[in-house]
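Okay, structure first, notes after.
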Amino acid sequence: MLTYQLYLIFIYPIIFILPAYAANGAPVIFGSGMPLDMGRKFMGKRIFGSHKTVKGLVSGIASGILVGLMESFAPGLGFMAYVGIAQAFGAHAGDLLGSFAKRRAGMAEGKRLPLVDQYPFLIIALLFCVPLGHMPGLKGIAFLVVLTGIMHPLTNSIANLMKLKDVPW
């Protein structure tokens with residue numbers, strides 16, 4: 001019983017959220033090139049900024065879908081193919097929403113805004129999964145919030161040290 005509870009709170013949520021994590025991280029490795037907003041402005045300010053690129057979006061969505069597809073071959077996880085698609089699109093919708101909000105607030109690209117830099121990808125990825133009927137329980141989601149709060153700055157700092165990102169957040 002305890003082992004199953006630990007699985008539901010810690011292991012399953014990690015397995016579940018891996019497509020969103022892959023979708024969010026892939027643009028750091030594979031992204032660059034043409035900005036998604038193509039330099040266009042909304043209300044006098046860039047829509048997303050030059051760091052959100054077409055290549056980053058495509059690589060992120062493809063990575064999230066691929067991870068979900070690979071997970072779907074594990075026993076009992078066939079639904080992860082659909083979850084991977086939802087999370088890949090949801091993670092990028094959340095990330096773009098955060099960038100859009102930062103641009104509207106007049107923040108320069110690369111400026112740090114705690115919480116908005118870390119959580120929109122996770123929240124929207126989870127919301128995109130609600131119609132699919134698969135979701136970790138509340139304790140599992142709370143664990144993912146804490147895990148993301150730790151992993152996001154840690155992985156971004158590592159990417160910065162590896163010269164994959166200009167800033168460590």
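Chain labels A, B, ... are given in the sequence in which chains occur in the structure tokens; within each chain residues are numbered consecutively from 1, and ligands are likewise numbered from 1 in the order shown.
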
Would you return as a CSV table (one decimal) with C-alpha atoms, in the first residue's frame the members of region 2-125 of chain A that DSSP assigns to helix (DSSP H, G or I) on this structure's backbone?
```csv
chain,number,residue,atom,x,y,z
A,2,LEU,CA,2.8,2.5,0.9
A,3,THR,CA,4.7,1.6,-2.2
A,4,TYR,CA,1.6,2.3,-4.3
A,5,GLN,CA,1.1,5.6,-2.6
A,6,LEU,CA,4.7,6.6,-3.2
A,7,TYR,CA,4.2,5.6,-6.9
A,8,LEU,CA,1.1,7.8,-7.1
A,9,ILE,CA,2.7,10.8,-5.5
A,10,PHE,CA,6.2,10.7,-6.9
A,11,ILE,CA,6.8,8.3,-9.7
A,12,TYR,CA,3.6,8.5,-11.8
A,13,PRO,CA,3.6,12.4,-11.8
A,14,ILE,CA,7.2,12.3,-13.1
A,15,ILE,CA,6.4,9.8,-15.9
A,16,PHE,CA,3.2,11.8,-16.6
A,17,ILE,CA,4.9,15.2,-17.0
A,18,LEU,CA,8.0,14.1,-19.0
A,19,PRO,CA,6.5,15.1,-22.3
A,20,ALA,CA,6.0,18.7,-21.1
A,21,TYR,CA,9.5,18.8,-19.6
A,22,ALA,CA,10.9,17.6,-22.9
A,23,ALA,CA,8.8,20.1,-24.9
A,24,ASN,CA,10.0,22.9,-22.6
A,25,GLY,CA,13.7,22.0,-22.7
A,26,ALA,CA,14.2,21.1,-26.3
A,27,PRO,CA,14.2,24.6,-27.7
A,28,VAL,CA,17.2,25.4,-25.5
A,29,ILE,CA,19.1,22.7,-27.5
A,30,PHE,CA,17.5,22.9,-30.9
A,54,VAL,CA,9.9,28.7,-35.2
A,55,LYS,CA,12.6,26.1,-34.8
A,56,GLY,CA,12.3,26.1,-31.0
A,57,LEU,CA,8.5,25.6,-31.2
A,58,VAL,CA,8.7,22.8,-33.8
A,59,SER,CA,11.5,21.0,-31.9
A,60,GLY,CA,9.8,21.4,-28.6
A,61,ILE,CA,6.4,20.1,-29.9
A,62,ALA,CA,8.2,17.2,-31.7
A,63,SER,CA,10.2,16.3,-28.6
A,64,GLY,CA,7.2,16.3,-26.3
A,65,ILE,CA,5.2,14.1,-28.7
A,66,LEU,CA,8.1,11.7,-29.1
A,67,VAL,CA,8.5,11.3,-25.3
A,68,GLY,CA,4.8,10.7,-24.9
A,69,LEU,CA,4.9,8.2,-27.8
A,70,MET,CA,7.8,6.3,-26.3
A,71,GLU,CA,6.1,6.2,-22.9
A,80,MET,CA,0.6,8.7,-22.9
A,81,ALA,CA,0.7,9.1,-26.7
A,82,TYR,CA,-2.3,11.5,-26.4
A,83,VAL,CA,-1.0,13.0,-23.2
A,84,GLY,CA,2.3,13.7,-25.0
A,85,ILE,CA,0.5,15.6,-27.8
A,86,ALA,CA,-1.6,17.6,-25.3
A,87,GLN,CA,1.4,18.4,-23.1
A,88,ALA,CA,3.7,19.4,-26.0
A,89,PHE,CA,1.2,21.9,-27.3
A,90,GLY,CA,0.2,23.0,-23.8
A,91,ALA,CA,3.8,23.5,-22.6
A,92,HIS,CA,4.5,25.9,-25.5
A,93,ALA,CA,1.1,27.7,-25.2
A,94,GLY,CA,2.0,28.3,-21.5
A,95,ASP,CA,5.6,29.4,-22.3
A,96,LEU,CA,4.4,31.8,-25.1
A,97,LEU,CA,1.7,33.1,-22.8
A,98,GLY,CA,4.4,34.0,-20.2
A,99,SER,CA,6.5,35.7,-22.8
A,100,PHE,CA,3.5,37.6,-24.2
A,101,ALA,CA,2.7,38.8,-20.6
A,102,LYS,CA,6.3,39.9,-20.0
A,103,ARG,CA,6.4,41.8,-23.2
A,104,ARG,CA,3.0,43.5,-22.4
A,120,PRO,CA,3.1,28.7,-17.2
A,121,PHE,CA,4.4,25.8,-19.3
A,122,LEU,CA,3.5,23.4,-16.5
A,123,ILE,CA,0.1,24.8,-15.7
A,124,ILE,CA,-1.1,25.0,-19.3
A,125,ALA,CA,0.3,21.5,-20.1
```

Requested in this report: Find the spatial neighbours of Pro35 (chain A), counting only C-alpha atoms, within a cut-off of 7 Å - ignore same-chain residues fewer than 4 positions away - and output them as a ChimeraX atom specification.
Outcome: /A:39,50-54

Taking C-alpha atoms for each residue, export the selection above as a CSV table (one decimal), in the first residue's frame.
```
chain,number,residue,atom,x,y,z
A,39,GLY,CA,9.5,40.9,-35.4
A,50,SER,CA,13.4,37.1,-30.5
A,51,HIS,CA,14.1,34.1,-28.2
A,52,LYS,CA,10.8,32.3,-29.2
A,53,THR,CA,11.6,30.8,-32.5
A,54,VAL,CA,9.9,28.7,-35.2
```

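Coordinates place CA of Lys139 (chain A) at a distance of 21.0 Å from CA of Phe79 (chain A).
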
How close does region 92-116 of chain A get to region 150-159 of chain A? List, as JSON lines, each residue of region 92-116 of chain A within 12 Å, its nearest atom pair and the distance in Å to one decimal, counting only C-alpha atoms.
```
{"residue": "A:Arg112", "atom": "CA", "partner": "A:Pro153", "partner_atom": "CA", "distance": 11.1}
{"residue": "A:Leu113", "atom": "CA", "partner": "A:Pro153", "partner_atom": "CA", "distance": 11.9}
{"residue": "A:Pro114", "atom": "CA", "partner": "A:Pro153", "partner_atom": "CA", "distance": 9.9}
{"residue": "A:Leu115", "atom": "CA", "partner": "A:His152", "partner_atom": "CA", "distance": 10.3}
{"residue": "A:Val116", "atom": "CA", "partner": "A:His152", "partner_atom": "CA", "distance": 11.5}
```

Take the residues from that selection and write them out as a PDB file, in the first residue's frame, keeping C-alpha atoms.
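Contents of selection-v7.pdb, as written:
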```pdb
ATOM      1  CA  ARG A 112      13.850  37.484 -14.977  1.00  0.00           C
ATOM      2  CA  LEU A 113      10.293  37.283 -13.672  1.00  0.00           C
ATOM      3  CA  PRO A 114       9.997  34.590 -11.017  1.00  0.00           C
ATOM      4  CA  LEU A 115       7.000  32.257 -11.308  1.00  0.00           C
ATOM      5  CA  VAL A 116       6.196  33.494 -14.833  1.00  0.00           C
TER       6      VAL A 116
END
```

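In this structure, CA of Gln118 (chain A) sits 15.6 Å away from CA of Asn160 (chain A).
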
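Between CA of Met34 (chain A) and CA of Ala105 (chain A) the separation is 23.4 Å.
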
Report task. Choose the residue, out of A:Gly33, A:Met162, A:Phe48, A:Lys41, that has the smallest atom-to-atom separation from Ala108 (chain A); count only C-alpha atoms. Result -> A:Phe48
